[in-house]
Every structure is written in structure tokens, then in C-alpha cells.
file coords22.txt (compact mmCIF, C-alpha atoms and all ligand atoms)
# COMPACT_ATOMS: atom_id res chain seq x y z
CA MET J 12 66.05 126.06 174.28
CA ARG J 13 66.99 129.65 173.70
CA ASP J 14 63.80 130.68 175.58
CA ILE J 15 64.86 128.68 178.64
CA LEU J 16 68.35 130.20 178.57
CA LYS J 17 66.86 133.69 178.29
CA MET J 18 64.76 133.14 181.41
CA LYS J 19 67.80 133.17 183.72
CA GLY J 20 67.59 136.19 186.00
CA ARG J 21 64.32 137.33 184.38
CA GLU J 22 61.59 134.81 185.10
CA LYS J 23 61.55 131.69 187.27
CA ILE J 24 61.35 128.43 185.33
CA ALA J 25 58.58 126.00 186.31
CA MET J 26 59.39 122.39 185.46
CA ILE J 27 57.35 119.32 186.41
CA THR J 28 57.38 115.65 185.48
CA ALA J 29 54.80 114.01 183.25
CA TYR J 30 54.95 110.49 181.91
CA ASP J 31 52.05 110.16 179.50
CA TYR J 32 49.76 111.89 177.00
CA VAL J 33 47.06 112.83 179.51
CA SER J 34 49.32 114.27 182.18
CA ALA J 35 51.39 116.10 179.55
CA LYS J 36 48.22 117.78 178.23
CA LEU J 37 47.24 118.78 181.79
CA VAL J 38 50.58 120.21 182.92
CA ASP J 39 50.98 122.01 179.60
CA ALA J 40 47.54 123.60 180.02
CA ALA J 41 48.69 124.74 183.48
CA GLY J 42 51.54 126.69 181.89
CA VAL J 43 54.72 124.83 182.87
CA ASP J 44 57.86 125.80 180.95
CA ILE J 45 59.47 122.35 180.87
CA ILE J 46 58.02 118.84 181.04
CA LEU J 47 60.51 116.31 182.37
CA VAL J 48 59.83 112.71 181.44
CA GLY J 49 61.83 111.64 184.47
CA ASP J 50 63.11 108.18 185.29
CA SER J 51 61.18 108.74 188.54
CA VAL J 52 58.45 107.08 186.43
CA GLY J 53 59.97 103.80 187.61
CA MET J 54 59.10 104.58 191.22
CA VAL J 55 55.89 106.60 191.00
CA VAL J 56 54.18 104.79 188.12
CA HIS J 57 55.77 101.33 187.96
CA GLY J 58 56.24 100.78 191.70
CA TYR J 59 59.99 100.06 191.72
CA GLU J 60 61.95 100.99 194.85
CA SER J 61 64.53 103.00 192.90
CA THR J 62 65.09 104.37 189.41
CA LEU J 63 67.73 101.72 188.63
CA PRO J 64 65.39 99.20 186.95
CA VAL J 65 64.21 101.82 184.41
CA THR J 66 65.35 100.88 180.90
CA MET J 67 65.53 102.70 177.57
CA ASP J 68 62.41 100.81 176.42
CA VAL J 69 60.46 102.20 179.39
CA MET J 70 61.72 105.73 178.74
CA LEU J 71 60.96 105.52 175.02
CA LEU J 72 57.38 104.47 175.74
CA HIS J 73 56.81 107.37 178.12
CA VAL J 74 58.65 110.00 176.07
CA SER J 75 56.64 109.13 172.96
CA SER J 76 53.39 109.24 174.93
CA VAL J 77 54.22 112.73 176.26
CA ALA J 78 55.39 113.94 172.84
CA ARG J 79 52.08 112.92 171.24
CA ALA J 80 50.44 115.57 173.45
CA LYS J 81 52.41 118.11 171.37
CA PRO J 82 52.98 120.35 174.41
CA ARG J 83 54.08 123.94 174.08
CA ALA J 84 56.49 123.27 176.97
CA LEU J 85 59.96 121.90 176.26
CA VAL J 86 60.04 118.09 176.57
CA VAL J 87 63.14 116.74 178.32
CA GLY J 88 63.71 112.98 178.45
CA ASP J 89 65.74 111.40 181.24
CA MET J 90 68.63 109.13 180.27
CA PRO J 91 68.08 106.01 182.41
CA PHE J 92 70.72 104.16 184.43
CA LEU J 93 73.43 102.59 182.20
CA SER J 94 72.19 104.25 179.01
CA TYR J 95 75.07 106.78 178.95
CA GLU J 96 77.76 105.78 181.48
CA THR J 97 79.17 102.89 179.44
CA SER J 98 80.54 104.94 176.50
CA THR J 99 79.94 108.15 174.61
CA GLU J 100 78.76 106.03 171.65
CA ASP J 101 76.06 104.38 173.80
CA ALA J 102 75.12 107.81 175.15
CA VAL J 103 74.68 109.32 171.66
CA ARG J 104 72.75 106.28 170.38
CA ASN J 105 70.40 106.23 173.37
CA ALA J 106 69.91 110.01 173.53
CA GLY J 107 69.24 109.94 169.79
CA ALA J 108 66.54 107.32 170.36
CA LEU J 109 64.88 109.55 172.97
CA VAL J 110 64.99 112.48 170.52
CA ARG J 111 63.47 110.30 167.79
CA ALA J 112 60.72 109.39 170.28
CA GLY J 113 59.95 113.10 170.74
CA ALA J 114 62.29 114.50 173.40
CA GLU J 115 63.67 117.94 172.59
CA ALA J 116 66.51 117.55 175.09
CA VAL J 117 67.86 114.89 177.43
CA LYS J 118 68.88 114.95 181.10
CA VAL J 119 72.02 113.21 182.33
CA GLU J 120 72.84 112.62 186.01
CA GLY J 121 76.37 113.38 187.18
CA GLY J 122 78.93 116.17 187.24
CA ALA J 123 82.45 116.61 185.92
CA GLU J 124 82.76 112.89 185.20
CA MET J 125 79.99 113.26 182.61
CA SER J 126 81.70 116.07 180.66
CA ASP J 127 82.72 113.76 177.80
CA VAL J 128 79.20 112.43 177.51
CA VAL J 129 77.69 115.94 177.50
CA LYS J 130 80.19 117.11 174.87
CA ALA J 131 79.46 114.08 172.65
CA LEU J 132 75.70 114.67 172.89
CA VAL J 133 76.00 118.39 172.17
CA ARG J 134 78.32 117.59 169.24
CA ALA J 135 75.58 115.30 167.92
CA GLY J 136 73.10 118.20 168.16
CA ILE J 137 71.27 117.03 171.28
CA PRO J 138 70.63 119.65 173.99
CA VAL J 139 71.57 118.39 177.45
CA MET J 140 70.30 119.25 180.93
CA GLY J 141 72.75 118.38 183.72
CA HIS J 142 71.76 116.98 187.14
CA ILE J 143 73.99 117.45 190.18
CA GLY J 144 73.76 117.27 193.96
CA LEU J 145 71.79 114.15 194.82
CA ASN J 146 71.93 111.75 191.87
CA PRO J 147 69.38 109.01 192.59
CA GLN J 148 71.03 106.73 190.00
CA ARG J 149 74.16 106.77 192.22
CA ALA J 150 72.26 106.03 195.46
CA LEU J 151 74.08 102.71 195.96
CA LEU J 152 77.44 104.46 195.78
CA ILE J 153 76.63 107.53 197.87
CA GLY J 154 74.70 105.73 200.60
CA GLY J 155 71.08 106.45 199.75
CA TYR J 156 69.06 109.59 199.16
CA ARG J 157 70.88 111.88 201.56
CA LYS J 158 71.28 115.67 201.68
CA ARG J 159 74.20 116.97 199.64
CA GLY J 160 76.60 119.87 200.06
CA LEU J 161 76.44 120.11 203.84
CA ARG J 162 80.23 120.41 204.21
CA GLU J 163 83.54 120.38 202.35
CA PRO J 164 84.77 118.74 200.17
CA GLU J 165 81.26 117.96 198.91
CA ARG J 166 80.34 121.67 198.63
CA GLU J 167 83.30 122.40 196.37
CA LYS J 168 82.67 119.23 194.32
CA ILE J 169 79.12 120.41 193.55
CA LEU J 170 80.42 123.81 192.43
CA GLU J 171 83.13 122.14 190.32
CA ASP J 172 80.53 119.79 188.78
CA ALA J 173 78.39 122.77 187.77
CA ARG J 174 81.39 124.60 186.23
CA GLU J 175 82.46 121.53 184.25
CA LEU J 176 78.94 120.84 182.99
CA GLU J 177 78.60 124.45 181.87
CA LYS J 178 81.92 124.18 180.03
CA ALA J 179 80.79 120.93 178.42
CA GLY J 180 77.73 122.69 177.00
CA VAL J 181 74.63 121.92 179.09
CA PHE J 182 71.74 124.36 178.64
CA SER J 183 70.58 124.06 182.26
CA ILE J 184 71.37 122.19 185.47
CA VAL J 185 69.06 120.45 187.94
CA ILE J 186 70.34 120.69 191.52
CA GLU J 187 68.77 118.04 193.76
CA TYR J 188 68.54 117.93 197.60
CA THR J 189 71.51 120.26 198.09
CA ALA J 190 72.11 122.93 200.74
CA ALA J 191 70.35 126.13 199.61
CA ASP J 192 73.48 128.29 199.98
CA VAL J 193 75.45 125.93 197.72
CA ALA J 194 72.65 125.98 195.12
CA GLU J 195 72.63 129.77 195.39
CA GLU J 196 76.39 129.91 194.76
CA VAL J 197 76.09 127.60 191.75
CA THR J 198 73.25 129.77 190.39
CA ARG J 199 75.41 132.88 190.73
CA GLU J 200 78.44 131.26 189.14
CA VAL J 201 77.05 129.60 186.04
CA SER J 202 75.50 131.37 183.08
CA VAL J 203 72.94 128.62 182.40
CA PRO J 204 69.70 128.35 184.40
CA THR J 205 69.66 126.18 187.51
CA ILE J 206 66.50 124.27 188.34
CA CYS J 207 66.18 123.12 191.92
CA ILE J 208 64.42 120.29 193.70
CA GLY J 209 64.80 120.35 197.47
CA SER J 210 67.63 122.90 197.13
CA GLY J 211 66.01 126.15 198.17
CA PRO J 212 64.61 129.28 196.55
CA HIS J 213 67.70 130.88 195.03
CA CYS J 214 67.75 128.89 191.79
CA ASP J 215 66.48 130.02 188.41
CA GLY J 216 63.62 127.53 188.56
CA GLN J 217 62.01 124.67 190.44
CA VAL J 218 61.06 121.11 189.54
CA LEU J 219 58.75 118.69 191.31
CA VAL J 220 57.41 115.23 190.58
CA LEU J 221 53.79 115.55 189.41
CA HIS J 222 52.53 112.65 191.52
CA ASP J 223 53.96 114.32 194.67
CA VAL J 224 52.25 117.61 193.79
CA LEU J 225 48.93 115.82 193.27
CA GLY J 226 49.10 113.79 196.49
CA LEU J 227 49.39 110.48 194.67
CA THR J 228 52.68 109.19 196.10
CA GLU J 229 52.62 107.13 199.28
CA THR J 230 55.77 108.66 200.77
CA PRO J 231 56.66 111.95 199.07
CA PRO J 232 60.15 113.31 199.76
CA PRO J 233 60.41 115.94 202.53
CA PHE J 234 61.04 118.75 200.03
CA ALA J 235 57.93 118.10 197.94
CA LYS J 236 54.82 120.26 198.32
CA VAL J 237 51.49 118.49 198.03
CA TYR J 238 49.04 120.91 196.40
CA VAL J 239 45.96 118.66 196.32
CA ASP J 240 44.85 115.36 197.83
CA LEU J 241 43.94 113.81 194.49
CA LYS J 242 44.21 110.33 195.99
CA SER J 243 41.14 110.98 198.20
CA ILE J 244 39.27 112.55 195.30
CA ILE J 245 39.94 109.55 193.05
CA VAL J 246 39.15 106.97 195.72
CA SER J 247 35.85 108.64 196.61
CA ALA J 248 34.84 108.94 192.92
CA VAL J 249 35.59 105.27 192.26
CA LYS J 250 33.86 104.29 195.54
CA LYS J 251 30.73 106.06 194.31
CA TYR J 252 30.96 104.19 190.99
CA VAL J 253 31.28 100.84 192.84
CA GLU J 254 28.26 101.70 195.01
CA GLU J 255 26.17 102.67 191.98
CA VAL J 256 27.09 99.47 190.11
CA LYS J 257 26.15 97.41 193.17
CA SER J 258 22.86 99.27 193.67
CA GLY J 259 21.98 99.39 189.98
CA ALA J 260 21.99 103.23 189.90
CA PHE J 261 24.58 103.01 187.13
CA PRO J 262 24.06 102.80 184.21
CA ALA J 263 21.15 105.27 184.11
CA ARG J 264 18.89 105.56 181.07
CA GLU J 265 21.19 108.05 179.28
CA HIS J 266 24.11 105.65 179.39
CA TYR J 267 22.72 102.88 177.14
CA PHE J 268 20.47 102.19 174.15
CA TYR J 269 18.18 99.44 172.83
CA SER J 270 18.04 98.00 169.35
CA THR J 271 15.33 99.32 166.98
CA ARG J 272 13.47 95.99 167.53
CA SER J 273 12.39 96.99 171.02
CA SER J 274 11.21 100.58 170.22
O1 LIG R 301 63.37 111.65 187.41
C1 LIG R 301 63.00 112.73 187.89
O2 LIG R 301 61.82 112.99 188.12
C2 LIG R 301 64.03 113.72 188.18
C3 LIG R 301 63.64 114.92 188.97
C4 LIG R 301 63.51 114.54 190.39
C5 LIG R 301 64.56 116.04 188.76
O3 LIG R 301 65.15 113.54 187.80
call {"tool": "encode", "arguments": {"input": "coords22.txt", "output": "C-alpha cells"}}
result
Amino acid sequence: MRDILKMKGREKIAMITAYDYVSAKLVDAAGVDIILVGDSVGMVVHGYESTLPVTMDVMLLHVSSVARAKPRALVVGDMPFLSYETSTEDAVRNAGALVRAGAEAVKVEGGAEMSDVVKALVRAGIPVMGHIGLNPQRALLIGGYRKRGLREPEREKILEDARELEKAGVFSIVIEYTAADVAEEVTREVSVPTICIGSGPHCDGQVLVLHDVLGLTETPPPFAKVYVDLKSIIVSAVKKYVEEVKSGAFPAREHYFYSTRSS
């Protein structure tokens, strides 16, 4: 945690999502600083239309899978919808379960209204990452996944959210789909690192969803950068396998054995 705090103003923080053992090993080998086991897993892995159906059981399964990779990067587990809003007791119990599953910190969506939750978690010894700007878990309330911070009073609310979260004790803040100048102002104002997604270059770090980066999501958000078309690579590899099974080219002699009786 201290390492992440120390990076502010010195070195940009690279965070990416991973949801299982294999992808955690891969992103860790690539040198990311933070692995986020995001509730985006509900959309990109489980095919839901939003993150709202994601439960604690789902998050526990994915956090424990990532933790078994024993990554060098910090593992942050997302608190899913309704796992922390109901009461501070629920928040501590559910965050504690994520920690017991292997998370080293948790992420909570929301601003000033989540101060009590953040304080309760920090009091319990659980490091917390805040998440302001666009909060996908509040999409029903805010009218979808729209840009944030375009005008007042929303600009000031985002700044106030960041200040309150810092006061409550978060060790970093994700700023999602927010005007770059607002994210820049937040980054200047708070002493903890800001990690942006779709909020411009002035933050202390960036986060993307792994499946967007790899070209595996059908409709990536406009702010995502696709670094490789892994979908085509996978489809053509599996196509080749199907062809070889059909033609009999697979399995070849090195892929099977006979009993001693036939030698
Ligand atoms: O769930 C997630 O992947 C996230 C990132 C988009 C920040 O919260």
C-alpha cells in the first residue's frame, strides 16, 4: 500500500483487471502495479448487461482465483452492489470476506456518502480504494453510463467527493469517465494517487479492463484502447483445431500412446 502511495508524482501507476488465476499470472508478468478484481467480471466474463447482478459469492470466487496466482502486484477486490451500502456492519463483514479470500484492499463506489463505510473499513484494518465520477453501480439512478463532470454542480460534487474520501482514509481514488480537467484538479488537490479510466492523462495512474485491452469485448467503451485482436487469434487457432479433428490431422503420433500389448 505504502508503495502505491509513494508513486504519486513520481511514477505512473498501471492498474488492470484480472478475474482468474491465469490472467492474474499474465498481467503480473507484464509488470502491472495493481490487479483489480473488478465487478466488471459480471459483464465481460458472465455476460450480464450491468454489474448489478454480481454478488459476493461471485466476487469471492474470482478474488480467490486471482490470489492463488500470488501476484507481486497489489490485489484489490471490488465490493459488489449492495455489499456495503446497507450498513457499515455489512460493509466490514463483506470486505473482510474479500480479504480472507486474498484481496489486499477493496474498492468501494461512491463519494462523500460513502465516508462512513470507508472509515469503518479502515478502522477494521482494510485498505480502501475509492471510485468517483461515473459509478456503474448507480447507473439506474444517474441515467446510464454517461460522461461526468461536464458542468456545475457535478464538477464541484466530484471534487467534494474526492476530498471527503481522502479525509475518510482511502489510499487511492479511481476516477471514471470524467472530464479530464476535473480529474486533473482532483489529482492536484488530494494527496492520495488518482487512477483514471476515461478521464484523461493528468491522473497518477490509469486502469483498463483486461478484456477491452485484449480485444475480447464485443462493445468496448469509447475510452478503452484495444492493444491486440486476441479474439481473431483465438478464433483462428480453434478453427484450425476443428479442421484438424475433422480431417484426422489431430491427434498426431506424438499426442497418444498404445498399451504395451501392441508394441
Ligand atoms: O469493475 C471494474 O472493472 C472497475 C474499473 C472499470 C475501474 O471498477
call {"tool": "residues_near_ligand", "arguments": {"input": "coords22.txt", "ligand": "ligand LIG 301 (chain R)", "cutoff": "7 Å", "atoms": "all atoms listed in the file", "output": "PDB file with C-alpha atoms, keeping the file's coordinate frame"}}
result
ATOM      1  CA  THR J  28      57.380 115.650 185.480  1.00  0.00           C
ATOM      2  CA  LEU J  47      60.510 116.310 182.370  1.00  0.00           C
ATOM      3  CA  VAL J  48      59.830 112.710 181.440  1.00  0.00           C
ATOM      4  CA  GLY J  49      61.830 111.640 184.470  1.00  0.00           C
ATOM      5  CA  ASP J  50      63.110 108.180 185.290  1.00  0.00           C
ATOM      6  CA  SER J  51      61.180 108.740 188.540  1.00  0.00           C
ATOM      7  CA  VAL J  52      58.450 107.080 186.430  1.00  0.00           C
ATOM      8  CA  ASP J  89      65.740 111.400 181.240  1.00  0.00           C
ATOM      9  CA  VAL J 185      69.060 120.450 187.940  1.00  0.00           C
ATOM     10  CA  GLU J 187      68.770 118.040 193.760  1.00  0.00           C
ATOM     11  CA  ILE J 208      64.420 120.290 193.700  1.00  0.00           C
ATOM     12  CA  VAL J 218      61.060 121.110 189.540  1.00  0.00           C
ATOM     13  CA  LEU J 219      58.750 118.690 191.310  1.00  0.00           C
ATOM     14  CA  VAL J 220      57.410 115.230 190.580  1.00  0.00           C
TER      15      VAL J 220
END
call {"tool": "closest_residue", "arguments": {"input": "coords22.txt", "among": "J:Ile206, J:Met54, J:Leu241, J:Val193", "to": "J:Ala25", "atoms": "all atoms listed in the file"}}
result
J:Ile206
call {"tool": "closest_residue", "arguments": {"input": "coords22.txt", "among": "J:Glu163, J:Asp127, J:Glu255, J:Glu177", "to": "J:Ala102", "atoms": "all atoms listed in the file"}}
result
J:Asp127
call {"tool": "atom_distance", "arguments": {"input": "coords22.txt", "atom1": "atom CA of J:Val197", "atom2": "atom CA of J:Ile169"}}
result
8.0 Å
call {"tool": "closest_residue", "arguments": {"input": "coords22.txt", "among": "J:Leu16, J:Val55, J:Met140, J:Leu85", "to": "J:Gly226", "atoms": "only C-alpha atoms"}}
result
J:Val55
call {"tool": "residues_around", "arguments": {"input": "coords22.txt", "residues": "J:Ala173", "least_positions_apart": "6", "cutoff": "10 Å", "atoms": "all atoms listed in the file", "output": "number ranges by chain"}}
result
J: 121-123, 141-144, 167, 179, 181, 183-186, 194, 197-198, 200-201, 203, 205
call {"tool": "build_atoms", "arguments": {"input": "coords22.txt", "residues": "stretch 207-218 of chain J", "atoms": "all heavy atoms", "output": "mmCIF file, in the coordinates of the input"}}
result
data_model
loop_
_atom_site.group_PDB
_atom_site.id
_atom_site.type_symbol
_atom_site.label_atom_id
_atom_site.label_comp_id
_atom_site.auth_asym_id
_atom_site.auth_seq_id
_atom_site.Cartn_x
_atom_site.Cartn_y
_atom_site.Cartn_z
ATOM 1 N N CYS J 207 65.969 123.803 190.648
ATOM 2 C CA CYS J 207 66.180 123.120 191.920
ATOM 3 C C CYS J 207 65.042 122.205 192.311
ATOM 4 O O CYS J 207 63.881 122.452 191.984
ATOM 5 C CB CYS J 207 66.403 124.146 193.017
ATOM 6 S SG CYS J 207 68.081 124.782 192.966
ATOM 7 N N ILE J 208 65.410 121.157 193.040
ATOM 8 C CA ILE J 208 64.420 120.290 193.700
ATOM 9 C C ILE J 208 64.988 120.009 195.093
ATOM 10 O O ILE J 208 66.055 119.417 195.239
ATOM 11 C CB ILE J 208 64.109 119.015 192.883
ATOM 12 C CG1 ILE J 208 63.168 118.078 193.649
ATOM 13 C CG2 ILE J 208 65.355 118.276 192.418
ATOM 14 C CD1 ILE J 208 62.395 117.109 192.788
ATOM 15 N N GLY J 209 64.319 120.519 196.104
ATOM 16 C CA GLY J 209 64.800 120.350 197.470
ATOM 17 C C GLY J 209 66.082 121.103 197.744
ATOM 18 O O GLY J 209 66.841 120.746 198.647
ATOM 19 N N SER J 210 66.365 122.155 196.981
ATOM 20 C CA SER J 210 67.630 122.900 197.130
ATOM 21 C C SER J 210 67.413 124.395 197.310
ATOM 22 O O SER J 210 68.317 125.188 197.013
ATOM 23 C CB SER J 210 68.534 122.628 195.912
ATOM 24 O OG SER J 210 68.695 121.243 195.712
ATOM 25 N N GLY J 211 66.245 124.762 197.791
ATOM 26 C CA GLY J 211 66.010 126.150 198.170
ATOM 27 C C GLY J 211 65.504 127.047 197.058
ATOM 28 O O GLY J 211 65.315 126.616 195.913
ATOM 29 N N PRO J 212 65.316 128.337 197.433
ATOM 30 C CA PRO J 212 64.610 129.280 196.550
ATOM 31 C C PRO J 212 65.498 130.110 195.638
ATOM 32 O O PRO J 212 64.993 130.929 194.873
ATOM 33 C CB PRO J 212 63.928 130.200 197.567
ATOM 34 C CG PRO J 212 64.906 130.244 198.714
ATOM 35 C CD PRO J 212 65.599 128.902 198.753
ATOM 36 N N HIS J 213 66.816 129.939 195.739
ATOM 37 C CA HIS J 213 67.700 130.880 195.030
ATOM 38 C C HIS J 213 68.053 130.461 193.612
ATOM 39 O O HIS J 213 68.894 131.087 192.981
ATOM 40 C CB HIS J 213 68.999 131.066 195.846
ATOM 41 C CG HIS J 213 68.745 131.357 197.290
ATOM 42 N ND1 HIS J 213 68.128 132.511 197.714
ATOM 43 C CD2 HIS J 213 68.991 130.627 198.406
ATOM 44 C CE1 HIS J 213 68.016 132.473 199.043
ATOM 45 N NE2 HIS J 213 68.530 131.349 199.475
ATOM 46 N N CYS J 214 67.435 129.383 193.142
ATOM 47 C CA CYS J 214 67.750 128.890 191.790
ATOM 48 C C CYS J 214 66.922 129.644 190.763
ATOM 49 O O CYS J 214 66.032 130.415 191.093
ATOM 50 C CB CYS J 214 67.451 127.403 191.716
ATOM 51 S SG CYS J 214 68.375 126.501 192.942
ATOM 52 N N ASP J 215 67.219 129.343 189.483
ATOM 53 C CA ASP J 215 66.480 130.020 188.410
ATOM 54 C C ASP J 215 65.122 129.368 188.165
ATOM 55 O O ASP J 215 64.298 129.921 187.431
ATOM 56 C CB ASP J 215 67.312 129.971 187.118
ATOM 57 C CG ASP J 215 68.636 130.712 187.292
ATOM 58 O OD1 ASP J 215 68.606 131.905 187.647
ATOM 59 O OD2 ASP J 215 69.701 130.089 187.104
ATOM 60 N N GLY J 216 64.910 128.200 188.735
ATOM 61 C CA GLY J 216 63.620 127.530 188.560
ATOM 62 C C GLY J 216 63.454 126.419 189.575
ATOM 63 O O GLY J 216 64.346 126.171 190.388
ATOM 64 N N GLN J 217 62.311 125.777 189.527
ATOM 65 C CA GLN J 217 62.010 124.670 190.440
ATOM 66 C C GLN J 217 61.450 123.512 189.629
ATOM 67 O O GLN J 217 60.834 123.716 188.586
ATOM 68 C CB GLN J 217 60.955 125.095 191.491
ATOM 69 C CG GLN J 217 61.409 126.200 192.423
ATOM 70 C CD GLN J 217 62.492 125.779 193.414
ATOM 71 O OE1 GLN J 217 62.520 124.638 193.883
ATOM 72 N NE2 GLN J 217 63.409 126.689 193.731
ATOM 73 N N VAL J 218 61.680 122.292 190.141
ATOM 74 C CA VAL J 218 61.060 121.110 189.540
ATOM 75 C C VAL J 218 60.503 120.242 190.644
ATOM 76 O O VAL J 218 61.082 120.149 191.734
ATOM 77 C CB VAL J 218 62.065 120.301 188.658
ATOM 78 C CG1 VAL J 218 63.334 119.941 189.375
ATOM 79 C CG2 VAL J 218 61.400 119.046 188.086
#
